[in-house]
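Below is one structure, written out as structure tokens; comments come after it.
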Amino acid sequence: MNNLENQAVKNTVIPSISITFDLSLYNETKMGKIITLANQKGGVGKTTTAINLAASLVALEYKVLLVDADPQANATSGLGFDVKNIRTGLYDCLVNGENPEKVILTSEELPGLSVLPTNIDLVGAEIEMLEMPNREYILKNILEKVRDNYDFVLIDCSPSLGIIVINALTASDSVLIPVQCEYFALEGLGKLLNSIRLVQNNLNPDLDIEGFVMTMYDKRVKISEQVLDEVRHHFDDMVFNTIIHRNVKLSEAPSYGQSIVEYDISSTGAINYMNLAKELLQRNNMTK
Ligand SMILES: Nc1ncnc2c1ncn2[C@@H]1O[C@H](COP(=O)(O)OP(=O)(O)OP(=O)(O)O)[C@@H](O)[C@H]1O
Ligand SMILES: [Mg+2]
């Protein structure tokens, strides 16, 4: 239903029972899509993709919440928030029932971008959550309270398959898998896909695979092309056409607390991530 039709539904005087029905449909179309970035292999570009895909979607005028679900807090610091000053973060929401609206921070430079930040306290959550009732659904219940405020909610995960990653997959509509263009790229992907299947079978039957994003591609290195061919051979059109090239600006930007869109909009990294955002929107039939 488009906006005009929504407006028409809201303005029409019809019996209350059908108004209730139509408004529930209206709310449903407003819900932000929740996407987890996961790969239990370390250093493959999860956080770089989370930050810069989020910022690119914001540059395209979508509202985004980035949830930092990794105790390393790289997404929080990479967007310029001082982790030492984060008193309440995701840990407090997960373990102490803190209202996420009280914890979420908004980027000054990119007002459409909000962050549910974390700090090192999150390390403890992995153990404390194991004792909690419905432990796999804690993050889902938190995000249900805020997802309507955003077009997208991206969750940056740690390189593990622990309880917080399982919570992220349970809370999500889809999972986006960054794959580094290097020799051992496919190693461990089977384990990740198996975990995704377990979550689909037991916790979240609606979880889709959004796709695989190839990162740190270097055309001077033969192995990059070989890995790209191999991943495309295995996963076909589940692999995004947009490839993220190795670009030094992408590794510099977080030390300035900026996304690539703010740090250098004309860099290859910014062009790649803007294209990734556009492809994501196209695949979701969401282009404005
Ligand atoms: N396209 C790129 N070009 C150059 N450097 C990159 C690129 N993508 C990521 N990096 C660098 O590679 C390193 C690992 O990236 P990143 O932190 O995004 O990976 P990660 O999967 O989140 O790691 P972890 O598993 O530890 O959370 C970082 O230093 C980052 O700056
Ligand atoms: Mg990371």
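Order determines the names: the first chain of the structure tokens is A, the second B, and so forth; residues in each chain are numbered 1 upward, and ligands are numbered 1 upward as they are shown.
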**Study point:** Nearby residues (only C-alpha atoms) at most 9 Å from range 129-141 of chain A, same-chain spacing under 6 positions excluded, as a ChimeraX atom specification
**Key:** /A:93-95,163-164,166-172,203
To check your reading of the model: which residues sit at most 10 Å from ligand 1 when counting only C-alpha atoms and all ligand atoms? Write the answer as a PDB file with C-alpha atoms, in the first residue's frame.
```pdb
ATOM      1  CA  LEU A  37      25.838  -8.816   9.862  1.00  0.00           C
ATOM      2  CA  ALA A  38      27.414 -12.098  10.840  1.00  0.00           C
ATOM      3  CA  ASN A  39      30.462 -14.223  10.144  1.00  0.00           C
ATOM      4  CA  GLN A  40      32.221 -16.000  12.988  1.00  0.00           C
ATOM      5  CA  LYS A  41      35.503 -15.501  11.137  1.00  0.00           C
ATOM      6  CA  GLY A  42      37.303 -12.447  12.528  1.00  0.00           C
ATOM      7  CA  GLY A  43      38.338  -9.375  10.571  1.00  0.00           C
ATOM      8  CA  VAL A  44      36.297 -10.013   7.410  1.00  0.00           C
ATOM      9  CA  GLY A  45      34.687  -6.556   7.281  1.00  0.00           C
ATOM     10  CA  LYS A  46      31.511  -6.951   9.373  1.00  0.00           C
ATOM     11  CA  THR A  47      31.928  -3.692  11.282  1.00  0.00           C
ATOM     12  CA  THR A  48      33.265  -1.762   8.275  1.00  0.00           C
ATOM     13  CA  THR A  49      30.220  -2.929   6.306  1.00  0.00           C
ATOM     14  CA  ALA A  50      27.782  -2.229   9.163  1.00  0.00           C
ATOM     15  CA  ILE A  51      29.029   1.346   9.665  1.00  0.00           C
ATOM     16  CA  ASN A  52      29.348   2.277   6.008  1.00  0.00           C
ATOM     17  CA  ALA A  69      26.343  -6.237  19.523  1.00  0.00           C
ATOM     18  CA  ASP A  70      30.096  -6.803  19.819  1.00  0.00           C
ATOM     19  CA  PRO A  71      31.939  -6.142  23.131  1.00  0.00           C
ATOM     20  CA  GLN A  72      34.910  -4.898  21.062  1.00  0.00           C
ATOM     21  CA  ALA A  73      32.630  -1.845  20.513  1.00  0.00           C
ATOM     22  CA  ASN A  74      34.226  -1.081  17.128  1.00  0.00           C
ATOM     23  CA  ALA A  75      30.972   0.196  15.607  1.00  0.00           C
ATOM     24  CA  GLY A  78      34.123   3.928  14.691  1.00  0.00           C
ATOM     25  CA  ASP A 156      26.998  -5.681  14.016  1.00  0.00           C
ATOM     26  CA  CYS A 157      28.075  -8.988  15.601  1.00  0.00           C
ATOM     27  CA  SER A 158      31.276 -10.290  17.143  1.00  0.00           C
ATOM     28  CA  PRO A 159      33.227 -13.074  15.409  1.00  0.00           C
ATOM     29  CA  SER A 160      31.459 -15.877  17.263  1.00  0.00           C
ATOM     30  CA  ILE A 177      27.332 -12.204   5.383  1.00  0.00           C
ATOM     31  CA  PRO A 178      30.534 -10.289   4.608  1.00  0.00           C
ATOM     32  CA  VAL A 179      33.143 -12.585   3.034  1.00  0.00           C
ATOM     33  CA  GLN A 180      36.741 -11.466   2.709  1.00  0.00           C
ATOM     34  CA  CYS A 181      38.405 -12.115  -0.678  1.00  0.00           C
ATOM     35  CA  MET A 214      32.604  -9.748  -0.960  1.00  0.00           C
ATOM     36  CA  THR A 215      34.998  -7.443   0.903  1.00  0.00           C
ATOM     37  CA  MET A 216      38.621  -6.279   0.607  1.00  0.00           C
ATOM     38  CA  TYR A 217      38.794  -7.268  -3.073  1.00  0.00           C
ATOM     39  CA  ASP A 218      42.193  -6.423  -4.576  1.00  0.00           C
ATOM     40  CA  ILE A 243      32.113  -5.729  -4.561  1.00  0.00           C
ATOM     41  CA  ILE A 244      33.868  -3.837  -1.779  1.00  0.00           C
ATOM     42  CA  HIS A 245      37.452  -3.164  -2.894  1.00  0.00           C
ATOM     43  CA  ARG A 246      40.381  -2.880  -0.546  1.00  0.00           C
ATOM     44  CA  ASN A 247      40.653   0.853   0.070  1.00  0.00           C
ATOM     45  CA  VAL A 248      42.932   2.486   2.625  1.00  0.00           C
ATOM     46  CA  LYS A 249      40.387   5.265   3.300  1.00  0.00           C
ATOM     47  CA  LEU A 250      38.012   2.645   4.717  1.00  0.00           C
ATOM     48  CA  SER A 251      40.592   1.648   7.306  1.00  0.00           C
ATOM     49  CA  GLU A 252      41.465   5.285   8.126  1.00  0.00           C
ATOM     50  CA  ALA A 253      37.908   6.604   8.598  1.00  0.00           C
ATOM     51  CA  PRO A 254      37.144   4.900  11.986  1.00  0.00           C
ATOM     52  CA  SER A 255      40.194   6.482  13.614  1.00  0.00           C
ATOM     53  CA  THR A 268      36.430   4.086  -3.911  1.00  0.00           C
ATOM     54  CA  GLY A 269      35.233   2.864  -0.495  1.00  0.00           C
ATOM     55  CA  ALA A 270      32.408   5.414  -0.379  1.00  0.00           C
ATOM     56  CA  ASN A 272      31.374   0.904  -3.247  1.00  0.00           C
ATOM     57  CA  TYR A 273      29.261   1.244  -0.085  1.00  0.00           C
TER      58      TYR A 273
END
```
Study note, to complete from the structure: Counting only C-alpha atoms, closest pick from A:Leu161, A:Val58, A:Val67, A:Leu192 relative to Val103 in chain A is A:Val67
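For the pair CA of Gln226 in chain A and CA of Ala185 in chain A, the separation is 10.7 Å.
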Exercise for review: Check the smallest atom-to-atom distance from each of A:Leu66, A:Lys222, A:Gly32, A:Glu61 to Lys288 in chain A using only C-alpha atoms, then report the winner.
Suggested key: A:Glu61
Review point. Could you pull out the strand (DSSP E or B) residues of range 7-245 of chain A from DSSP and send them as a PyMOL selection string?
Key: chain A and resi 33-37+64-69+105-106+113-116+152-157+174-180+208-215+217+239+245
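Across the model, the gap from CA of Ile196 in chain A to CA of Phe235 in chain A is 15.1 Å.
Minimum distance to ligand 2 across A:Leu143, A:Ser77, A:Arg283, A:Asp264 (counting only C-alpha atoms and all ligand atoms) occurs at A:Ser77.
Using only C-alpha atoms, the smallest distance between any of A:Tyr183, A:Gly190, A:Ile271, A:Glu262 and Glu230 in chain A comes from A:Tyr183.
Proximity ranking of A:Val231, A:Val175, A:Val213, A:Ile155 relative to ligand 2 places A:Ile155 first, based on only C-alpha atoms and all ligand atoms.
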Exercise for review: Using backbone DSSP assignments, extract all helix (DSSP H, G or I) residues from range 12-192 of chain A; output them as a PyMOL selection string.
Suggested key: chain A and resi 16-30+46-59+74-78+83-85+90-96+100-103+122-131+135-144+147-149+163-171+189-192
